[in-house]
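Reproduced below: work.txt, with compact mmCIF, C-alpha atoms.
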```
# COMPACT_ATOMS: atom_id res chain seq x y z
CA MET A 450 -30.76 10.75 -22.31
CA LEU A 451 -27.68 9.04 -20.86
CA ASP A 452 -27.98 7.90 -17.26
CA ALA A 453 -24.66 7.78 -15.39
CA ARG A 454 -26.12 8.13 -11.91
CA GLY A 455 -24.44 6.06 -9.22
CA ARG A 456 -21.57 4.95 -11.43
CA SER A 457 -18.00 4.78 -10.11
CA CYS A 458 -15.16 6.74 -11.69
CA PRO A 459 -14.55 6.83 -14.62
CA GLU A 460 -17.73 5.18 -15.92
CA PRO A 461 -19.77 8.38 -16.49
CA VAL A 462 -17.10 9.67 -18.87
CA ILE A 463 -16.84 6.30 -20.62
CA ILE A 464 -20.62 6.28 -21.13
CA LEU A 465 -20.35 9.74 -22.73
CA LYS A 466 -17.26 8.83 -24.74
CA LYS A 467 -19.07 5.86 -26.28
CA ALA A 468 -22.17 7.93 -27.01
CA MET A 469 -20.07 10.63 -28.67
CA ILE A 470 -18.94 8.23 -31.37
CA SER A 471 -22.18 9.11 -33.17
CA GLN A 472 -21.25 12.84 -33.17
CA GLU A 473 -24.65 14.22 -32.17
CA ASN A 474 -25.06 17.99 -31.85
CA SER A 475 -26.30 17.66 -28.31
CA TYR A 476 -26.38 15.16 -25.49
CA GLU A 477 -28.24 14.94 -22.23
CA ILE A 478 -26.55 13.11 -19.40
CA LEU A 479 -27.68 12.54 -15.84
CA VAL A 480 -25.10 12.33 -13.02
CA ASP A 481 -25.49 12.41 -9.25
CA ASN A 482 -22.25 13.69 -7.79
CA LYS A 483 -19.96 16.67 -8.29
CA THR A 484 -16.93 14.60 -9.26
CA ALA A 485 -18.85 13.07 -12.18
CA LEU A 486 -20.22 16.52 -13.04
CA GLU A 487 -16.68 17.89 -13.24
CA ASN A 488 -15.32 14.91 -15.15
CA VAL A 489 -18.10 14.94 -17.73
CA THR A 490 -17.80 18.73 -18.12
CA ARG A 491 -14.06 18.47 -18.68
CA TYR A 492 -14.41 15.72 -21.27
CA ALA A 493 -17.25 17.48 -23.09
CA GLU A 494 -15.39 20.80 -23.23
CA HIS A 495 -12.25 19.11 -24.55
CA ASN A 496 -14.38 17.63 -27.30
CA GLY A 497 -15.94 20.92 -28.37
CA TYR A 498 -19.20 20.91 -26.42
CA GLN A 499 -20.68 23.62 -24.23
CA VAL A 500 -22.04 22.44 -20.91
CA ALA A 501 -25.08 23.60 -18.99
CA PHE A 502 -26.74 21.80 -16.11
CA THR A 503 -29.66 21.96 -13.75
CA GLN A 504 -29.76 20.42 -10.29
CA SER A 505 -32.66 18.76 -8.57
CA ASN A 506 -31.94 17.12 -5.22
CA ASP A 507 -28.73 15.16 -5.74
CA ASP A 508 -29.14 14.77 -9.49
CA PHE A 509 -27.56 16.95 -12.14
CA THR A 510 -29.10 17.01 -15.61
CA MET A 511 -26.37 18.06 -17.99
CA ILE A 512 -27.02 19.44 -21.46
CA LEU A 513 -24.04 19.31 -23.81
CA THR A 514 -24.25 21.34 -27.01
CA LYS A 515 -21.76 21.31 -29.85
CA LYS A 516 -19.98 24.65 -30.17
CA GLN A 517 -20.67 26.21 -33.55
CA ALA A 518 -17.19 27.64 -34.06
CA GLY A 519 -15.45 27.40 -37.45
CA ILE A 520 -12.88 24.69 -37.89
CA MET B 1008 -17.89 25.28 -11.12
CA ASN B 1009 -14.54 26.47 -12.39
CA LEU B 1010 -12.44 23.97 -14.25
CA LYS B 1011 -9.90 26.56 -15.37
CA ASN B 1012 -7.97 26.64 -12.12
CA GLU B 1013 -8.29 22.97 -11.26
CA LYS B 1014 -4.93 21.96 -12.70
CA THR B 1015 -3.18 24.71 -10.72
CA ALA B 1016 -5.13 23.66 -7.64
CA ILE B 1017 -4.19 20.00 -7.85
CA ILE B 1018 -0.53 20.82 -8.53
CA LEU B 1019 -0.39 23.09 -5.48
CA ALA B 1020 -2.23 20.50 -3.38
CA GLY B 1021 0.09 17.76 -4.63
CA LEU B 1022 3.17 19.82 -3.79
CA LEU B 1023 1.87 20.45 -0.28
CA ILE B 1024 0.95 16.79 0.17
CA GLY B 1025 4.43 15.75 -1.02
CA VAL B 1026 6.14 18.06 1.47
CA ILE B 1027 3.86 16.93 4.34
CA SER B 1028 4.46 13.26 3.46
CA ALA B 1029 8.23 13.65 3.44
CA LEU B 1030 8.21 15.71 6.65
CA LEU B 1031 6.23 13.04 8.52
CA VAL B 1032 9.33 10.85 8.20
CA VAL B 1033 11.39 13.59 9.86
CA PHE B 1034 8.78 13.72 12.63
CA GLY B 1035 9.09 10.00 13.29
CA ASN B 1036 7.24 7.92 10.68
CA PRO B 1037 9.10 4.98 9.07
CA ALA B 1038 11.38 5.85 6.14
CA ASN B 1039 9.63 6.56 2.83
CA MET B 1040 6.38 6.05 4.76
CA GLY B 1041 5.09 9.50 5.60
CA PHE B 1042 1.87 8.07 4.31
CA CYS B 1043 1.00 4.54 3.26
CA ILE B 1044 -2.67 3.68 3.24
CA ALA B 1045 -2.03 -0.06 3.01
CA CYS B 1046 0.65 -0.12 5.72
CA PHE B 1047 -1.34 2.14 8.02
CA ILE B 1048 -4.54 0.11 7.68
CA ARG B 1049 -2.41 -2.97 8.36
CA ASP B 1050 -0.92 -1.31 11.47
CA THR B 1051 -4.37 -0.34 12.73
CA ALA B 1052 -5.64 -3.88 12.09
CA GLY B 1053 -2.73 -5.12 14.18
CA ALA B 1054 -3.44 -2.69 17.00
CA LEU B 1055 -6.99 -4.04 17.12
CA GLY B 1056 -5.61 -7.56 17.39
CA LEU B 1057 -6.85 -8.66 13.97
CA HIS B 1058 -3.33 -9.98 13.32
CA GLN B 1059 -0.49 -10.76 15.71
CA ALA B 1060 2.52 -9.37 13.84
CA ALA B 1061 4.07 -7.51 16.79
CA ALA B 1062 6.24 -5.32 14.55
CA VAL B 1063 3.30 -3.61 12.85
CA GLN B 1064 0.69 -2.65 15.43
CA TYR B 1065 -0.34 0.98 15.88
CA ILE B 1066 -3.56 2.93 15.36
CA ARG B 1067 -2.39 5.35 12.67
CA PRO B 1068 -3.92 8.81 13.16
CA GLU B 1069 -3.21 9.66 9.51
CA ILE B 1070 -6.01 7.31 8.44
CA ILE B 1071 -8.39 8.83 10.99
CA GLY B 1072 -7.46 12.33 9.80
CA LEU B 1073 -7.98 11.48 6.13
CA VAL B 1074 -11.51 10.21 6.72
CA ILE B 1075 -12.50 12.97 9.14
CA GLY B 1076 -10.91 15.70 6.99
CA SER B 1077 -12.80 14.50 3.94
CA CYS B 1078 -16.02 14.10 5.93
CA VAL B 1079 -15.92 17.60 7.42
CA ILE B 1080 -15.11 19.35 4.15
CA ALA B 1081 -17.76 17.28 2.34
CA LEU B 1082 -20.35 18.34 4.92
CA VAL B 1083 -19.32 21.98 4.45
CA THR B 1084 -19.49 21.80 0.64
CA LYS B 1085 -22.69 19.73 0.74
CA GLU B 1086 -20.93 16.82 -0.96
CA PHE B 1087 -21.63 14.40 1.89
CA ILE B 1088 -24.14 12.08 0.23
CA PRO B 1089 -25.00 8.74 1.86
CA ARG B 1090 -24.94 6.03 -0.77
CA GLY B 1091 -23.95 2.47 -1.45
CA GLY B 1092 -25.09 -0.84 -2.86
CA SER B 1093 -22.79 -1.14 -5.86
CA SER B 1094 -21.68 -4.79 -5.75
CA PRO B 1095 -20.55 -4.69 -2.09
CA MET B 1096 -19.13 -8.22 -1.83
CA THR B 1097 -17.21 -7.82 -5.06
CA ARG B 1098 -15.71 -4.60 -3.74
CA PHE B 1099 -14.79 -6.36 -0.49
CA ALA B 1100 -12.99 -9.09 -2.45
CA LEU B 1101 -11.20 -6.54 -4.63
CA GLY B 1102 -10.12 -4.59 -1.55
CA PHE B 1103 -8.90 -7.82 0.04
CA PHE B 1104 -6.66 -8.75 -2.89
CA VAL B 1105 -5.47 -5.19 -3.49
CA MET B 1106 -4.11 -5.39 0.05
CA ILE B 1107 -2.42 -8.74 -0.68
CA GLY B 1108 -0.72 -7.03 -3.65
CA CYS B 1109 0.25 -4.00 -1.54
CA LEU B 1110 1.80 -6.18 1.17
CA MET B 1111 3.78 -8.11 -1.43
CA PHE B 1112 5.26 -4.83 -2.73
CA LEU B 1113 5.17 -3.20 0.73
CA GLY B 1114 3.14 -0.12 0.00
CA CYS B 1115 0.05 1.32 -1.60
CA PRO B 1116 0.28 3.49 -4.75
CA TYR B 1117 0.76 6.55 -2.52
CA ARG B 1118 3.76 5.01 -0.74
CA MET B 1119 5.04 3.78 -4.11
CA VAL B 1120 5.35 7.43 -5.15
CA LEU B 1121 7.00 8.34 -1.83
CA ARG B 1122 9.43 5.43 -2.23
CA ILE B 1123 10.40 6.61 -5.71
CA ALA B 1124 10.84 10.10 -4.24
CA GLY B 1125 13.22 8.58 -1.70
CA GLY B 1126 15.33 6.98 -4.44
CA ASP B 1127 13.99 3.42 -4.03
CA MET B 1128 14.34 1.96 -7.53
CA ASN B 1129 12.38 -1.14 -6.53
CA ALA B 1130 9.37 1.15 -6.49
CA VAL B 1131 10.02 2.07 -10.13
CA ILE B 1132 9.61 -1.64 -10.95
CA GLY B 1133 6.45 -1.49 -8.85
CA LEU B 1134 5.28 1.51 -10.90
CA ILE B 1135 5.76 -0.44 -14.15
CA GLY B 1136 3.67 -3.27 -12.69
CA PHE B 1137 1.09 -0.73 -11.49
CA ILE B 1138 0.79 0.75 -15.00
CA ALA B 1139 0.50 -2.77 -16.46
CA GLY B 1140 -2.33 -3.51 -14.01
CA ILE B 1141 -4.07 -0.26 -14.93
CA LEU B 1142 -3.81 -1.15 -18.64
CA VAL B 1143 -5.50 -4.50 -17.98
CA GLY B 1144 -8.23 -2.74 -15.97
CA VAL B 1145 -8.75 -0.14 -18.70
CA PHE B 1146 -9.12 -2.98 -21.23
CA PHE B 1147 -12.16 -4.19 -19.28
CA LEU B 1148 -13.52 -0.66 -18.64
CA ASN B 1149 -13.50 -0.02 -22.39
CA ARG B 1150 -15.49 -3.21 -22.91
CA GLY B 1151 -18.23 -2.21 -20.51
CA PHE B 1152 -16.97 -3.36 -17.10
CA THR B 1153 -19.17 -2.00 -14.31
CA LEU B 1154 -19.95 -2.87 -10.69
CA LYS B 1155 -23.41 -1.36 -11.32
CA ARG B 1156 -24.78 1.75 -9.69
CA THR B 1157 -24.96 2.99 -6.11
CA TYR B 1158 -28.19 4.07 -4.43
CA SER B 1159 -29.17 6.61 -1.80
CA LEU B 1160 -29.04 5.38 1.77
CA PRO B 1161 -30.13 6.70 5.18
CA LYS B 1162 -27.66 9.17 6.73
CA ILE B 1163 -26.91 6.85 9.66
CA GLU B 1164 -25.50 4.28 7.22
CA SER B 1165 -22.81 6.71 6.12
CA ALA B 1166 -22.18 8.18 9.56
CA ILE B 1167 -20.98 4.89 11.04
CA PHE B 1168 -17.52 4.75 9.45
CA PRO B 1169 -16.49 8.34 10.22
CA THR B 1170 -17.81 7.84 13.77
CA ALA B 1171 -15.71 4.69 14.07
CA GLN B 1172 -12.66 6.87 13.30
CA ILE B 1173 -13.44 8.96 16.38
CA VAL B 1174 -13.67 5.76 18.42
CA LEU B 1175 -10.28 4.67 17.05
CA LEU B 1176 -8.81 8.03 18.03
CA ILE B 1177 -10.15 7.64 21.58
CA LEU B 1178 -8.70 4.12 21.75
CA LEU B 1179 -5.35 5.45 20.54
CA ILE B 1180 -5.25 8.24 23.13
CA THR B 1181 -6.53 6.20 26.07
CA ALA B 1182 -4.52 3.10 25.05
CA PRO B 1183 -6.50 0.43 26.93
CA VAL B 1184 -4.68 -2.90 27.48
CA PHE B 1185 -6.55 -4.69 24.71
CA ILE B 1186 -5.11 -2.35 22.07
CA LEU B 1187 -1.73 -3.68 20.92
CA PHE B 1188 1.19 -1.38 20.22
CA THR B 1189 4.56 -2.35 18.77
CA ALA B 1190 7.22 -2.15 21.51
CA VAL B 1191 9.85 0.60 21.26
CA ASP B 1192 12.39 -0.41 18.57
CA GLY B 1193 10.16 -3.37 17.80
CA GLY B 1194 9.59 -2.53 14.11
CA PRO B 1195 7.85 -0.05 11.79
CA GLY B 1196 4.82 0.09 14.10
CA ALA B 1197 6.98 1.78 16.75
CA LYS B 1198 7.99 4.53 14.35
CA HIS B 1199 5.45 7.27 14.28
CA ALA B 1200 5.13 11.02 14.55
CA ALA B 1201 3.32 12.50 17.56
CA ILE B 1202 -0.44 11.86 17.48
CA LEU B 1203 -1.35 15.50 16.84
CA VAL B 1204 1.20 15.82 14.04
CA SER B 1205 -0.04 12.66 12.33
CA LEU B 1206 -3.68 13.58 12.84
CA GLY B 1207 -3.11 17.11 11.54
CA ALA B 1208 -1.27 15.80 8.48
CA GLY B 1209 -4.12 13.39 7.81
CA LEU B 1210 -6.72 16.14 8.15
CA ILE B 1211 -4.90 18.48 5.76
CA VAL B 1212 -4.25 15.79 3.16
CA GLY B 1213 -7.84 14.56 3.55
CA ILE B 1214 -9.23 18.01 2.86
CA LEU B 1215 -6.90 18.62 -0.11
CA ALA B 1216 -7.58 15.19 -1.59
CA GLN B 1217 -11.34 15.66 -1.22
CA ARG B 1218 -11.31 19.05 -2.93
CA THR B 1219 -9.02 18.02 -5.79
CA ARG B 1220 -10.37 14.42 -6.25
CA LEU B 1221 -6.73 13.28 -6.02
CA CYS B 1222 -6.34 9.61 -6.93
CA MET B 1223 -3.11 7.76 -7.53
CA VAL B 1224 -4.69 5.24 -9.91
CA GLY B 1225 -6.96 7.80 -11.57
CA GLY B 1226 -4.00 9.85 -12.79
CA ILE B 1227 -2.51 7.18 -15.01
CA ARG B 1228 -5.92 5.69 -15.86
CA ASP B 1229 -7.36 8.96 -17.17
CA VAL B 1230 -4.30 9.68 -19.29
CA ILE B 1231 -4.66 6.26 -20.93
CA LEU B 1232 -8.44 6.43 -21.30
CA PHE B 1233 -9.12 10.07 -22.16
CA ARG B 1234 -5.73 11.83 -22.56
CA GLU B 1235 -6.84 13.73 -19.47
CA TRP B 1236 -3.92 14.92 -17.36
CA LYS B 1237 -5.47 16.64 -14.31
CA LEU B 1238 -5.10 13.82 -11.75
CA PHE B 1239 -1.73 12.83 -13.19
CA PHE B 1240 -0.40 16.31 -12.40
CA GLY B 1241 -1.30 15.70 -8.74
CA PHE B 1242 0.59 12.40 -8.84
CA VAL B 1243 3.69 14.08 -10.30
CA ALA B 1244 3.47 17.07 -7.93
CA ILE B 1245 3.57 14.75 -4.89
CA LEU B 1246 6.57 12.94 -6.36
CA VAL B 1247 8.50 16.15 -7.10
CA ALA B 1248 7.77 17.81 -3.76
CA ALA B 1249 8.57 14.68 -1.72
CA PHE B 1250 11.78 14.21 -3.74
CA ILE B 1251 12.99 17.77 -3.09
CA THR B 1252 12.01 17.59 0.59
CA ASN B 1253 13.85 14.26 0.93
CA LEU B 1254 16.97 15.83 -0.61
CA ILE B 1255 16.82 18.70 1.87
CA THR B 1256 16.16 16.50 4.91
CA GLY B 1257 18.76 13.92 3.90
CA HIS B 1258 16.29 11.10 3.28
CA PHE B 1259 17.21 10.43 -0.35
CA SER B 1260 19.21 7.31 -1.18
CA LEU B 1261 19.25 6.10 -4.77
CA GLY B 1262 19.39 2.39 -5.56
CA PHE B 1263 17.81 -1.04 -5.25
CA ILE B 1264 19.68 -2.44 -2.24
CA ASP B 1265 19.11 -1.61 1.43
CA GLN B 1266 16.00 0.44 0.80
CA PRO B 1267 13.81 0.87 3.88
CA ILE B 1268 10.86 -1.53 4.21
CA ALA B 1269 11.17 -2.84 0.67
CA ILE B 1270 11.89 -6.04 -1.20
CA THR B 1271 14.40 -6.25 -4.06
CA ASP B 1272 12.65 -9.05 -5.96
CA GLY B 1273 11.74 -7.37 -9.26
CA LEU B 1274 9.22 -9.95 -10.46
CA TRP B 1275 7.19 -9.81 -7.26
CA ASN B 1276 7.38 -6.05 -6.96
CA PHE B 1277 5.97 -5.98 -10.49
CA LEU B 1278 3.24 -8.57 -9.88
CA GLY B 1279 2.29 -7.12 -6.49
CA MET B 1280 1.64 -3.70 -7.96
CA LEU B 1281 0.02 -5.18 -11.07
CA THR B 1282 -2.55 -6.71 -8.73
CA VAL B 1283 -3.01 -3.31 -7.07
CA GLY B 1284 -3.34 -1.36 -10.33
CA PHE B 1285 -5.79 -3.85 -11.84
CA GLY B 1286 -7.91 -4.09 -8.69
CA CYS B 1287 -7.96 -0.33 -8.10
CA VAL B 1288 -9.12 0.46 -11.65
CA LEU B 1289 -12.06 -1.92 -11.16
CA LEU B 1290 -12.78 -0.26 -7.79
CA GLY B 1291 -12.74 3.20 -9.36
CA GLY B 1292 -9.96 4.54 -7.14
CA CYS B 1293 -6.80 3.91 -5.13
CA PRO B 1294 -6.88 3.12 -1.38
CA LEU B 1295 -6.40 6.84 -0.56
CA ARG B 1296 -9.38 7.75 -2.74
CA GLN B 1297 -11.47 5.04 -1.06
CA LEU B 1298 -10.81 6.66 2.34
CA ILE B 1299 -11.81 10.07 0.96
CA LEU B 1300 -14.99 8.68 -0.63
CA ALA B 1301 -15.81 6.88 2.64
CA GLY B 1302 -15.60 10.28 4.35
CA GLU B 1303 -18.05 11.64 1.76
CA GLY B 1304 -20.60 9.02 2.74
CA ASN B 1305 -19.86 6.36 0.13
CA THR B 1306 -20.37 3.02 1.88
CA ASP B 1307 -19.13 1.07 -1.15
CA SER B 1308 -15.75 2.58 -0.33
CA VAL B 1309 -16.25 1.63 3.32
CA ILE B 1310 -16.80 -1.98 2.26
CA THR B 1311 -13.65 -1.74 0.13
CA ILE B 1312 -11.71 -0.46 3.15
CA LEU B 1313 -13.07 -3.33 5.28
CA GLY B 1314 -11.77 -5.62 2.51
CA LEU B 1315 -8.37 -3.92 2.84
CA PHE B 1316 -8.49 -4.48 6.62
CA ALA B 1317 -9.40 -8.15 6.21
CA GLY B 1318 -6.71 -8.58 3.56
CA ALA B 1319 -4.10 -7.03 5.86
CA ALA B 1320 -5.05 -9.26 8.78
CA ILE B 1321 -5.09 -12.44 6.70
CA ALA B 1322 -1.86 -11.47 4.93
CA HIS B 1323 -0.03 -11.46 8.26
CA ASN B 1324 -1.93 -14.39 9.79
CA PHE B 1325 -1.14 -16.53 6.73
CA ALA B 1326 2.48 -15.31 6.40
CA MET B 1327 1.75 -13.70 3.02
CA ALA B 1328 3.12 -10.22 3.76
CA SER B 1329 6.66 -9.49 2.60
CA SER B 1330 9.32 -8.18 4.95
CA SER B 1331 12.69 -6.59 4.28
CA LYS B 1332 13.98 -10.17 3.95
CA GLY B 1333 11.88 -10.61 0.81
CA PRO B 1334 8.61 -12.05 -0.39
CA THR B 1335 7.21 -15.23 1.14
CA PHE B 1336 6.07 -18.35 -0.70
CA ASN B 1337 2.57 -17.88 0.73
CA GLY B 1338 2.61 -14.28 -0.47
CA LYS B 1339 3.42 -15.37 -4.01
CA ILE B 1340 0.53 -17.83 -3.92
CA GLY B 1341 -1.70 -15.04 -2.56
CA VAL B 1342 -0.77 -12.65 -5.36
CA ILE B 1343 -1.34 -15.30 -8.06
CA ILE B 1344 -4.75 -16.14 -6.56
CA GLY B 1345 -5.45 -12.40 -6.36
CA ILE B 1346 -4.72 -11.82 -10.04
CA ILE B 1347 -6.94 -14.78 -10.99
CA VAL B 1348 -9.80 -13.63 -8.73
CA ILE B 1349 -9.64 -10.05 -10.04
CA LEU B 1350 -9.57 -11.38 -13.60
CA ILE B 1351 -12.68 -13.49 -12.93
CA ILE B 1352 -14.42 -10.45 -11.39
CA ALA B 1353 -13.44 -8.35 -14.41
CA VAL B 1354 -14.75 -10.88 -16.94
CA ALA B 1355 -17.94 -11.58 -14.98
CA ASN B 1356 -18.86 -7.88 -14.77
CA THR B 1357 -18.02 -7.00 -18.36
CA LYS B 1358 -20.94 -7.10 -20.71
CA LYS B 1359 -20.25 -6.58 -24.35
CA GLU B 1360 -22.32 -3.52 -25.19
CA LYS B 1361 -23.97 -3.01 -28.53
CA LEU B 1362 -23.08 0.41 -29.85
CA ALA B 1363 -26.16 2.36 -30.86
```
What's the C-alpha cells form of this structure?
Amino acid sequence: MLDARGRSCPEPVIILKKAMISQENSYEILVDNKTALENVTRYAEHNGYQVAFTQSNDDFTMILTKKQAGI
Amino acid sequence: MNLKNEKTAIILAGLLIGVISALLVVFGNPANMGFCIACFIRDTAGALGLHQAAAVQYIRPEIIGLVIGSCVIALVTKEFIPRGGSSPMTRFALGFFVMIGCLMFLGCPYRMVLRIAGGDMNAVIGLIGFIAGILVGVFFLNRGFTLKRTYSLPKIESAIFPTAQIVLLILLITAPVFILFTAVDGGPGAKHAAILVSLGAGLIVGILAQRTRLCMVGGIRDVILFREWKLFFGFVAILVAAFITNLITGHFSLGFIDQPIAITDGLWNFLGMLTVGFGCVLLGGCPLRQLILAGEGNTDSVITILGLFAGAAIAHNFAMASSSKGPTFNGKIGVIIGIIVILIIAVANTKKEKLA
C-alpha cells in the first residue's frame, strides 16, 4: 500500500512512478484530494492499468490493476 | 470522474482565460498585465503600506476574485478541505524568493505568458530561464524531494484567508485614508480596470483554474516528468488566445526594446525566472495555483502567498525590484541569494530513497 496522502503536486504520481518500476500486476495507493486522484488515475491509465477507488471521509483508496489486453 | 474530456476542458478554459487577460488591458490594466499574480500581490502590499513605492499601490480585485472564485466553487464541489502543516516556514521562504525572482523579471509565470503573447521577446528569455529552473527542480523531485505531508485542520483555519479577501474588497471600495493608492498617471498602480470588471475577471478565472487545476509551472513540469500534456495545453491555450486578442485590440508589438514594464537584460531575465521555476516546482505550483489552493482551504498555500507578500514588500523596501530602467544591483544580489537559498532547501529536503 502506497501512501501519498497530504503530498503536494506532483509527488503522488512520482511515488507511483517509482513503485511501478517493479511492474506489479496491481497497486494500492492512498490519496486525499481529487487533484491527486485525477493525476494518479491519468498516469496509471497511460501505463496500462485500470483504476477503481473507494472513498472514506477525505481519503481515496485507489486500486490499480494491470489490463490483461494482448500486446 | 471523467478524464476523457479534461484536455478539451482545459483548452477551452485556457482560451477563455487568455481572452479575458488580454481584454483586461483594454479595460484599463497595465500593458501585458491583464493578470500578474506577482505584480498584483506587490500592488496590494503597497496599498496596505507594506512598501512605499508610490507607483505600485492598489488593492487588485483580480487577486480577491481568484481566491473567492476558487473558494466558492470548491465549497460547491465539496473540494474545500482545510489542511496545512507541510513545512510552513520553508514554503514561506520559497514564496519570498520566488517573488524576488518575479520582480527581477517583472512578472509571474502567468504574466510571462501574457508578455510573450504581446510580442515581448524578453519574456521568451524569461521562459528559457523558467524551463531551466523547472529542470533543476525536477532533478530534486526525482531524487525524493518532499516538503512532507499536510494534515487536516479546523475549518476556521482555512476560512481566515478567504475572509481576509472580503476585508480587502471592503477596504478597496471604502478607500479609507490609510490605504495607499497610486496617484493618477503615477505608474502601473494607477492603471486598472473598473473594480467590478477586475473582480469579475478574477472570479471567472478562479473558477476555471480551480476546475481544470491550471498551473503555469505544472504544465512544463509534467511534460518533463511524465510526458503528460494536460496542463501544458492550458498554458499554450492562454498564450494563443491572448496573442490573437492582442492582435485584434492592437496590443501586439514584437521585439525586445520598449516593451511595457519589462527589462531588456537577458541574463537577469533568465536568472529571475530560473529562480521562479525552481522555487515553484519545489512549492508544487505557480503563484496562480497557490491562490487557487488557498481558496480550497490549503493553508500551506496561504503561507506561500504570505511569503510572496513579504518578498514583494522587501523587494521594494530594499530597492531589489526592477523597473523599466533595468535591474538593480540589490536585485541581482537578491536573486543570487534566492537561488542559493532554494538550492539549500532542495538539498536539505531530498532524501535518497532506496528502491524496493
- prompt: How many Å separate atom CA of A:Thr510 from atom CA of B:Tyr1158?
  reply: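 We find that atom CA of A:Thr510 and atom CA of B:Tyr1158 lie 17.1 Å from each other.
Remark: for A:Ile512, the closest of the candidate residues A:Asn496, A:Asn488, A:Ser475, A:Ser457 is A:Ser475 (distances computed over only C-alpha atoms).
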- request: Please determine the contact residues of chain A with respect to chain B at a cut-off of 7 Å, counting all atoms listed in the file, and supply them as a list of chain:residue names.
  value: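 For chain A, the answer reads A:Arg454, A:Gly455, A:Arg456, A:Ser457, A:Cys458, A:Pro459.
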field: Which of A:Ile463, A:Ala468, A:Ala493, A:Met511 sits closest to A:Val480 [using only C-alpha atoms]
entry: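 Closest residue, counting only C-alpha atoms: A:Met511.
Here atom CA of B:Pro1267 and atom CA of B:Phe1185 stand 29.7 Å from one another.
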query: What lies within 8 Å of B:Pro1068 using only C-alpha atoms, ignoring chain neighbours under 6 positions off, as a ChimeraX atom specification?
result: /B:1176,1202,1205-1206,1209
- prompt: Neighbours of stretch 1335-1350 of chain B within 9 Å (all atoms listed in the file; same-chain residues fewer than 3 positions away dropped), as a PyMOL selection string?
  reply: chain B and resi 1100-1101+1103-1105+1107-1108+1110-1111+1275+1278-1279+1281-1282+1285-1286+1289+1322+1325-1330+1332+1353-1355
Keeping C-alpha atoms for every residue in the selection just given, could you write it to a file as an mmCIF file, in the coordinates of the input?
```
data_model
loop_
_atom_site.group_PDB
_atom_site.id
_atom_site.type_symbol
_atom_site.label_atom_id
_atom_site.label_comp_id
_atom_site.auth_asym_id
_atom_site.auth_seq_id
_atom_site.Cartn_x
_atom_site.Cartn_y
_atom_site.Cartn_z
ATOM 1 C CA ALA B 1100 -12.990 -9.090 -2.450
ATOM 2 C CA LEU B 1101 -11.200 -6.540 -4.630
ATOM 3 C CA PHE B 1103 -8.900 -7.820 0.040
ATOM 4 C CA PHE B 1104 -6.660 -8.750 -2.890
ATOM 5 C CA VAL B 1105 -5.470 -5.190 -3.490
ATOM 6 C CA ILE B 1107 -2.420 -8.740 -0.680
ATOM 7 C CA GLY B 1108 -0.720 -7.030 -3.650
ATOM 8 C CA LEU B 1110 1.800 -6.180 1.170
ATOM 9 C CA MET B 1111 3.780 -8.110 -1.430
ATOM 10 C CA TRP B 1275 7.190 -9.810 -7.260
ATOM 11 C CA LEU B 1278 3.240 -8.570 -9.880
ATOM 12 C CA GLY B 1279 2.290 -7.120 -6.490
ATOM 13 C CA LEU B 1281 0.020 -5.180 -11.070
ATOM 14 C CA THR B 1282 -2.550 -6.710 -8.730
ATOM 15 C CA PHE B 1285 -5.790 -3.850 -11.840
ATOM 16 C CA GLY B 1286 -7.910 -4.090 -8.690
ATOM 17 C CA LEU B 1289 -12.060 -1.920 -11.160
ATOM 18 C CA ALA B 1322 -1.860 -11.470 4.930
ATOM 19 C CA PHE B 1325 -1.140 -16.530 6.730
ATOM 20 C CA ALA B 1326 2.480 -15.310 6.400
ATOM 21 C CA MET B 1327 1.750 -13.700 3.020
ATOM 22 C CA ALA B 1328 3.120 -10.220 3.760
ATOM 23 C CA SER B 1329 6.660 -9.490 2.600
ATOM 24 C CA SER B 1330 9.320 -8.180 4.950
ATOM 25 C CA LYS B 1332 13.980 -10.170 3.950
ATOM 26 C CA ALA B 1353 -13.440 -8.350 -14.410
ATOM 27 C CA VAL B 1354 -14.750 -10.880 -16.940
ATOM 28 C CA ALA B 1355 -17.940 -11.580 -14.980
#
```
- prompt: So what do you get for atom CA of B:Asn1039 versus atom CA of B:Ile1177, distance-wise?
  reply: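 We find that atom CA of B:Asn1039 and atom CA of B:Ile1177 lie 27.3 Å from each other.
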Output requested as a PDB file, keeping the file's coordinate frame - stretch 1259-1267 of chain B, filled out with N, CA and C atoms.
```pdb
ATOM      1  N   PHE B1259      17.171  10.970   1.015  1.00  0.00           N
ATOM      2  CA  PHE B1259      17.210  10.430  -0.350  1.00  0.00           C
ATOM      3  C   PHE B1259      18.399   9.498  -0.492  1.00  0.00           C
ATOM      4  N   SER B1260      18.133   8.287  -0.971  1.00  0.00           N
ATOM      5  CA  SER B1260      19.210   7.310  -1.180  1.00  0.00           C
ATOM      6  C   SER B1260      18.855   6.485  -2.400  1.00  0.00           C
ATOM      7  N   LEU B1261      19.590   6.710  -3.490  1.00  0.00           N
ATOM      8  CA  LEU B1261      19.250   6.100  -4.770  1.00  0.00           C
ATOM      9  C   LEU B1261      19.775   4.667  -4.865  1.00  0.00           C
ATOM     10  N   GLY B1262      18.928   3.752  -5.330  1.00  0.00           N
ATOM     11  CA  GLY B1262      19.390   2.390  -5.560  1.00  0.00           C
ATOM     12  C   GLY B1262      18.322   1.346  -5.296  1.00  0.00           C
ATOM     13  N   PHE B1263      18.720   0.081  -5.464  1.00  0.00           N
ATOM     14  CA  PHE B1263      17.810  -1.040  -5.250  1.00  0.00           C
ATOM     15  C   PHE B1263      18.038  -1.685  -3.874  1.00  0.00           C
ATOM     16  N   ILE B1264      19.287  -1.670  -3.427  1.00  0.00           N
ATOM     17  CA  ILE B1264      19.680  -2.440  -2.240  1.00  0.00           C
ATOM     18  C   ILE B1264      19.516  -1.588  -0.976  1.00  0.00           C
ATOM     19  N   ASP B1265      19.200  -2.254   0.118  1.00  0.00           N
ATOM     20  CA  ASP B1265      19.110  -1.610   1.430  1.00  0.00           C
ATOM     21  C   ASP B1265      18.105  -0.461   1.484  1.00  0.00           C
ATOM     22  N   GLN B1266      17.057  -0.574   0.729  1.00  0.00           N
ATOM     23  CA  GLN B1266      16.000   0.440   0.800  1.00  0.00           C
ATOM     24  C   GLN B1266      15.095   0.115   1.982  1.00  0.00           C
ATOM     25  N   PRO B1267      14.602   1.123   2.668  1.00  0.00           N
ATOM     26  CA  PRO B1267      13.810   0.870   3.880  1.00  0.00           C
ATOM     27  C   PRO B1267      12.453   0.226   3.576  1.00  0.00           C
TER      28      PRO B1267
END
```
